[in-house]
Amino acid sequence: MSGRVAMVHGSGGKATGELIDQIFASEFQDQTLDEMEDSALVAGCGRLALTTDSFVVTPVKFRGGDIGRLAVCGTVNDLLMRGAVPKYLTCGWILEEGTEIDLVREMAHSMAETAREAGIRIVAGDTKVIDGSIAEKSAGDAAGRYAGGILINTAGVGFVPEGVSISARNAQTGDAILVSGTMGDHHAAILSERMSIRTDIESDNAPLTEIVSALVQSGLHIHTLRDITRGGLATVLKELAETSGRTFEIEQEKIPVTAKVQDFCSLLGLDPLYMGNEGKLVCILPAEEAEEALRLIRSCRYGAGAVKVGEVTGDEPGILVMKTEIGGKRLLDVLQGEGLPRIC
Amino acid sequence: MDIACFSRCGEKRQKRKIWGIMDKRNTELLRAITDYLKNYDGPELRIMEVCGSHTGAIAKYGIPQLLSDRIHLISGPGCPVCVAPSAYIDRMIELSLQPDVIVTTFGDLLRVPGSRESLSEAKGRGAKARMVYSPFDTIDLAKKDPAHTYVFAALGFETTAPVYALMARQVLEDGIPNVKLLTAIKTMPAVIRALMDSGAPVNAFLAPGHVSVVTGSRIWEPLAEQYEIPFAVAGFQGIEILEALYGIARWTNGRSGGRVMNFYPSVVSRAGNEEAQTQIREVFEPVSAVWRGIGEIEGSGLALRGPYAALDAGSRGLSRDVRKNKACRCGEVLCGKIPPTACPLHGKVCTPLTPQGACMVSPEGSCRTWFEGGRKR
Amino acid sequence: MCVAAEGTVLSVEGRDAVVDFHGNEVTAKCGLVQVKPGDHVLVHAGCILQVLSQREQNEMTDLSAIFAEVGAY
């Protein structure tokens, strides 16, 4: 891998995968890191779950959330996806010179509030300030906005209860594939801030603590949990199909998308299957337990729209196929490129 | 049954607009059409779509495997991003590197490689580019920032040409000094004629729906007559494309000759949008244009004319077209002479992340849609 | 190649119309076709290209005619 870092390396799709594989995974070389799960399970006091994440969203405040809330949700959700109970959070704040103190306070407040909601303690932190040259040099993002003055890196620690084994590897033939709500809301909310389309689509950024603890405590045999973030549902499911070595079949008509997000995507030539969320998950478990799991998820604050979207059907490894509304079949790959709007 | 869109939460499903008839009949219609197309055993059909959105929709709905082996779908030069010659991309990058210029574009143009690099890559060395939803956003940006000249990268076909015409008029009428256009606007009939004359193995066309909104379906009539082949104007939902394919198959099975069929009557009329056609004629004039991978075609482009020529940021004469990789066979793919999988680079050195030719860049490029969908035929 | 979406005109002022797409609002130019609030329109690149035919019944008739002619339906 050579050349320069480009925006596509942050897309969550294939280019991001290559950057991680060929640079970070190869330099850091750690057996646990190499498992590439949402969080790391390490030996220690019982089983610890560890994860780290960085947040560079522009603008830092958007409809339905902000970078403080997003940083907690992103980190906590990664811990939860291994069945861990979130315990501790660290955060490193990188601030551009000139950023308003009031804005920093507001973001810190939002972070603290979300941490309380998610049931995690912020136990360590760090702050650095950089000069404003990023903004001057980069000429802004596509819409001419800059990084927004605040960047955040976090680490999360959680404890995995005895007997819990939830992993991207565990999906079995015959399992049901569930999602906890509508697709694409976060990505659409962020994108609308940058384009001249007025909408009240809100980011779905939310901690999934309540949903996951309900599932884990229910005694259901949860095989896999994964939060649906960058790259959208198609990217997440394709990666899970590859990791578990199974075939995943989903049905287009069952994939929940609000009319508002669907039309927003139509305007920009985007596909909701590749639009990210920040408060939705995929749950894979035995088909006979699907109804009970859906009932549990729907009873939670952020899970009202949970539905079954497909099943794990065969043993041909790494295939994700979608039955389309007219009966065709479409093979789906991970997100290629950045998912840029196209018009003409 | 709403077979035209994703399942929608929290809202009653919309009735399909075209048919507006009861659910049961719709499902029956779909079944009748797919049965016929799957079991079709008439003359071999090679149907070319010349609209990138059709190429995308055909992949998105999984249409090829709903068809008989005797029906082949071939992607033509229907993606404006894919057919822009490298000189155009190079010129756009050159402008974006000038200190007082900011280039505005639709999203996917950022990643198209010129002879050396793409605009997205050039951003790493100071190129200034912004993504917009509407060309008119460029005017708003320019009004707020008089220190920079905003150059809009105006690519497209007949559908987008009248939008650019309105934009150019507004810029002149409002006397906005710092907006220019770098145009690469192309027209469909000339390229279809060139393809047919070059012996493209095609015996029917899925005519582009949104181009036809502007031009009217009558624009295909001389072509249908001259080449004695059917043209079916189609919408962009799966069922709408199937309807048009069905029309072509029924027409071909048992008779020959030219025929224009309109399967998108909710927005396409025979005459089209005549005001839009007038706007195009007033602001643009036909010019010779270079199509990436195909070559120069007389009268297949539009350039700013008369007083509007003052807004041109150097669009004329951008004919150089350098292939990044000599083994790239985009030209033959665009003409329907080979399927993408017949190119030796396909899926090997040429992937969406390392595109060697334009057809792998755009989400509507034929190589890209074949690669992502694992399509074999 | 030409992404366009169907929406409903909310208001018209001068050369601009506000068009609604299930809660997403776009200011679109209306210089290519006469529109009034309530019209269903096709919007491409921030510009209204066409008003959708009002009567679905007519469209169905049109399509039926075509199917009849090609020996189907």
# chains A, B, ... in the order shown; residues from 1 in each chain; ligands from 1
$ interface_residues --of "chain A" --to "chain C" --cutoff "9 Å" --atoms "only C-alpha atoms" --output "list of chain:residue names"
A:Ser196, A:Ile197, A:Arg198, A:Thr199, A:Asp200, A:Ile201, A:Ala259, A:Lys260, A:Val261, A:Gln262, A:Asp263, A:Phe264, A:Ser266, A:Leu267, A:Leu268, A:Gly269, A:Arg342, A:Ile343, A:Cys344
$ write_last_selection --atoms "N, CA, C and O atoms" --output "PDB file, in the first residue's frame"
ATOM      1  N   SER A 196     -27.809  20.788   0.081  1.00  0.00           N
ATOM      2  CA  SER A 196     -28.884  21.767   0.146  1.00  0.00           C
ATOM      3  C   SER A 196     -30.257  21.103   0.129  1.00  0.00           C
ATOM      4  O   SER A 196     -31.118  21.459  -0.664  1.00  0.00           O
ATOM      5  N   ILE A 197     -30.436  20.110   0.990  1.00  0.00           N
ATOM      6  CA  ILE A 197     -31.730  19.462   1.108  1.00  0.00           C
ATOM      7  C   ILE A 197     -32.197  19.667   2.542  1.00  0.00           C
ATOM      8  O   ILE A 197     -31.488  19.330   3.473  1.00  0.00           O
ATOM      9  N   ARG A 198     -33.369  20.277   2.708  1.00  0.00           N
ATOM     10  CA  ARG A 198     -33.856  20.540   4.062  1.00  0.00           C
ATOM     11  C   ARG A 198     -34.675  19.346   4.531  1.00  0.00           C
ATOM     12  O   ARG A 198     -35.593  18.900   3.847  1.00  0.00           O
ATOM     13  N   THR A 199     -34.318  18.824   5.675  1.00  0.00           N
ATOM     14  CA  THR A 199     -35.014  17.653   6.164  1.00  0.00           C
ATOM     15  C   THR A 199     -34.920  17.639   7.669  1.00  0.00           C
ATOM     16  O   THR A 199     -34.077  18.331   8.250  1.00  0.00           O
ATOM     17  N   ASP A 200     -35.809  16.890   8.326  1.00  0.00           N
ATOM     18  CA  ASP A 200     -35.677  16.768   9.771  1.00  0.00           C
ATOM     19  C   ASP A 200     -35.279  15.346  10.153  1.00  0.00           C
ATOM     20  O   ASP A 200     -35.506  14.900  11.267  1.00  0.00           O
ATOM     21  N   ILE A 201     -34.677  14.621   9.215  1.00  0.00           N
ATOM     22  CA  ILE A 201     -34.154  13.286   9.536  1.00  0.00           C
ATOM     23  C   ILE A 201     -33.154  13.437  10.679  1.00  0.00           C
ATOM     24  O   ILE A 201     -32.255  14.269  10.616  1.00  0.00           O
ATOM     25  N   ALA A 259     -39.705   6.224   4.894  1.00  0.00           N
ATOM     26  CA  ALA A 259     -39.973   6.839   3.597  1.00  0.00           C
ATOM     27  C   ALA A 259     -39.095   8.071   3.424  1.00  0.00           C
ATOM     28  O   ALA A 259     -38.622   8.371   2.330  1.00  0.00           O
ATOM     29  N   LYS A 260     -38.853   8.768   4.538  1.00  0.00           N
ATOM     30  CA  LYS A 260     -38.082  10.004   4.472  1.00  0.00           C
ATOM     31  C   LYS A 260     -36.628   9.716   4.081  1.00  0.00           C
ATOM     32  O   LYS A 260     -36.063  10.385   3.220  1.00  0.00           O
ATOM     33  N   VAL A 261     -36.055   8.694   4.689  1.00  0.00           N
ATOM     34  CA  VAL A 261     -34.670   8.342   4.357  1.00  0.00           C
ATOM     35  C   VAL A 261     -34.608   7.772   2.936  1.00  0.00           C
ATOM     36  O   VAL A 261     -33.705   8.079   2.161  1.00  0.00           O
ATOM     37  N   GLN A 262     -35.622   6.962   2.587  1.00  0.00           N
ATOM     38  CA  GLN A 262     -35.660   6.390   1.241  1.00  0.00           C
ATOM     39  C   GLN A 262     -35.683   7.489   0.177  1.00  0.00           C
ATOM     40  O   GLN A 262     -34.930   7.451  -0.796  1.00  0.00           O
ATOM     41  N   ASP A 263     -36.521   8.487   0.365  1.00  0.00           N
ATOM     42  CA  ASP A 263     -36.608   9.567  -0.613  1.00  0.00           C
ATOM     43  C   ASP A 263     -35.347  10.427  -0.607  1.00  0.00           C
ATOM     44  O   ASP A 263     -34.917  10.908  -1.653  1.00  0.00           O
ATOM     45  N   PHE A 264     -34.780  10.629   0.571  1.00  0.00           N
ATOM     46  CA  PHE A 264     -33.519  11.369   0.656  1.00  0.00           C
ATOM     47  C   PHE A 264     -32.456  10.665  -0.194  1.00  0.00           C
ATOM     48  O   PHE A 264     -31.721  11.290  -0.965  1.00  0.00           O
ATOM     49  N   SER A 266     -33.021   8.604  -2.697  1.00  0.00           N
ATOM     50  CA  SER A 266     -33.397   8.688  -4.117  1.00  0.00           C
ATOM     51  C   SER A 266     -32.926   9.997  -4.725  1.00  0.00           C
ATOM     52  O   SER A 266     -32.470  10.034  -5.866  1.00  0.00           O
ATOM     53  N   LEU A 267     -33.037  11.079  -3.961  1.00  0.00           N
ATOM     54  CA  LEU A 267     -32.619  12.388  -4.472  1.00  0.00           C
ATOM     55  C   LEU A 267     -31.138  12.406  -4.817  1.00  0.00           C
ATOM     56  O   LEU A 267     -30.711  13.066  -5.743  1.00  0.00           O
ATOM     57  N   LEU A 268     -30.352  11.669  -4.031  1.00  0.00           N
ATOM     58  CA  LEU A 268     -28.904  11.731  -4.205  1.00  0.00           C
ATOM     59  C   LEU A 268     -28.338  10.491  -4.883  1.00  0.00           C
ATOM     60  O   LEU A 268     -27.127  10.329  -4.992  1.00  0.00           O
ATOM     61  N   GLY A 269     -29.214   9.595  -5.326  1.00  0.00           N
ATOM     62  CA  GLY A 269     -28.722   8.383  -5.990  1.00  0.00           C
ATOM     63  C   GLY A 269     -27.964   7.467  -5.048  1.00  0.00           C
ATOM     64  O   GLY A 269     -27.026   6.792  -5.463  1.00  0.00           O
ATOM     65  N   ARG A 342     -24.604  10.807  -6.491  1.00  0.00           N
ATOM     66  CA  ARG A 342     -24.433  11.006  -7.932  1.00  0.00           C
ATOM     67  C   ARG A 342     -25.762  11.527  -8.455  1.00  0.00           C
ATOM     68  O   ARG A 342     -26.823  11.174  -7.972  1.00  0.00           O
ATOM     69  N   ILE A 343     -25.675  12.378  -9.428  1.00  0.00           N
ATOM     70  CA  ILE A 343     -26.861  13.084  -9.882  1.00  0.00           C
ATOM     71  C   ILE A 343     -27.040  12.941 -11.381  1.00  0.00           C
ATOM     72  O   ILE A 343     -28.122  12.680 -11.867  1.00  0.00           O
ATOM     73  N   CYS A 344     -25.970  13.114 -12.128  1.00  0.00           N
ATOM     74  CA  CYS A 344     -26.129  13.188 -13.579  1.00  0.00           C
ATOM     75  C   CYS A 344     -25.653  11.910 -14.253  1.00  0.00           C
ATOM     76  O   CYS A 344     -25.143  11.046 -13.601  1.00  0.00           O
TER      77      CYS A 344
END
$ interface_residues --of "chain B" --to "chain A" --cutoff "8 Å" --atoms "only C-alpha atoms" --output "PyMOL selection string"
chain B and resi 3-11+30+59-63+65-66+80+106-108+120-121+123-124+126+128-134+137+155-157+160+238-239+352-353+372-374
$ closest_atom_pairs --of "stretch 144-194 of chain A" --to "stretch 228-246 of chain A" --cutoff "7 Å" --atoms "only C-alpha atoms" --output "JSON lines"
{"residue": "A:Ala168", "atom": "CA", "partner": "A:Leu240", "partner_atom": "CA", "distance": 5.8}
{"residue": "A:Arg169", "atom": "CA", "partner": "A:Ser244", "partner_atom": "CA", "distance": 4.2}
{"residue": "A:Asn170", "atom": "CA", "partner": "A:Ser244", "partner_atom": "CA", "distance": 6.3}
{"residue": "A:Ala171", "atom": "CA", "partner": "A:Ser244", "partner_atom": "CA", "distance": 5.9}
{"residue": "A:Gly184", "atom": "CA", "partner": "A:Gly232", "partner_atom": "CA", "distance": 7.0}
$ write_last_selection --atoms "N, CA, C and O atoms" --output "mmCIF file, in the first residue's frame"
data_model
loop_
_atom_site.group_PDB
_atom_site.id
_atom_site.type_symbol
_atom_site.label_atom_id
_atom_site.label_comp_id
_atom_site.auth_asym_id
_atom_site.auth_seq_id
_atom_site.Cartn_x
_atom_site.Cartn_y
_atom_site.Cartn_z
ATOM 1 N N ALA A 168 -18.601 -12.798 15.908
ATOM 2 C CA ALA A 168 -18.893 -12.765 14.478
ATOM 3 C C ALA A 168 -18.738 -14.152 13.855
ATOM 4 O O ALA A 168 -19.280 -14.420 12.779
ATOM 5 N N ARG A 169 -18.006 -15.045 14.515
ATOM 6 C CA ARG A 169 -17.770 -16.375 13.955
ATOM 7 C C ARG A 169 -18.912 -17.347 14.182
ATOM 8 O O ARG A 169 -18.940 -18.421 13.584
ATOM 9 N N ASN A 170 -19.838 -16.997 15.085
ATOM 10 C CA ASN A 170 -20.760 -18.012 15.598
ATOM 11 C C ASN A 170 -22.004 -18.259 14.762
ATOM 12 O O ASN A 170 -22.784 -19.146 15.088
ATOM 13 N N ALA A 171 -22.242 -17.496 13.716
ATOM 14 C CA ALA A 171 -23.475 -17.678 12.942
ATOM 15 C C ALA A 171 -23.558 -19.103 12.389
ATOM 16 O O ALA A 171 -22.586 -19.625 11.859
ATOM 17 N N GLY A 184 -29.954 3.606 7.809
ATOM 18 C CA GLY A 184 -29.450 4.796 7.118
ATOM 19 C C GLY A 184 -29.694 6.138 7.789
ATOM 20 O O GLY A 184 -29.288 7.170 7.263
#
$ closest_residue --among "B:Glu228, B:Asp69, B:Glu28, B:Asp197" --to "chain C" --atoms "only C-alpha atoms"
B:Glu28
$ closest_atom_pairs --of "chain B" --to "chain C" --cutoff "6 Å" --atoms "only C-alpha atoms" --output "Markdown table"
| residue | atom | partner | partner_atom | distance |
| --- | --- | --- | --- | --- |
| B:Trp19 | CA | C:Met60 | CA | 5.7 |
| B:Cys51 | CA | C:Met1 | CA | 5.5 |
| B:Gly52 | CA | C:Met1 | CA | 4.2 |
| B:Ser53 | CA | C:Met1 | CA | 4.8 |
| B:Cys79 | CA | C:Met1 | CA | 5.0 |
| B:Ser134 | CA | C:Gly46 | CA | 4.7 |
| B:Arg250 | CA | C:Val70 | CA | 5.8 |
| B:Trp251 | CA | C:Val70 | CA | 5.1 |
| B:Ser266 | CA | C:Ser53 | CA | 5.2 |
| B:Val267 | CA | C:Leu52 | CA | 5.2 |
| B:Glu275 | CA | C:Leu32 | CA | 5.6 |
| B:Ala276 | CA | C:Leu32 | CA | 5.4 |
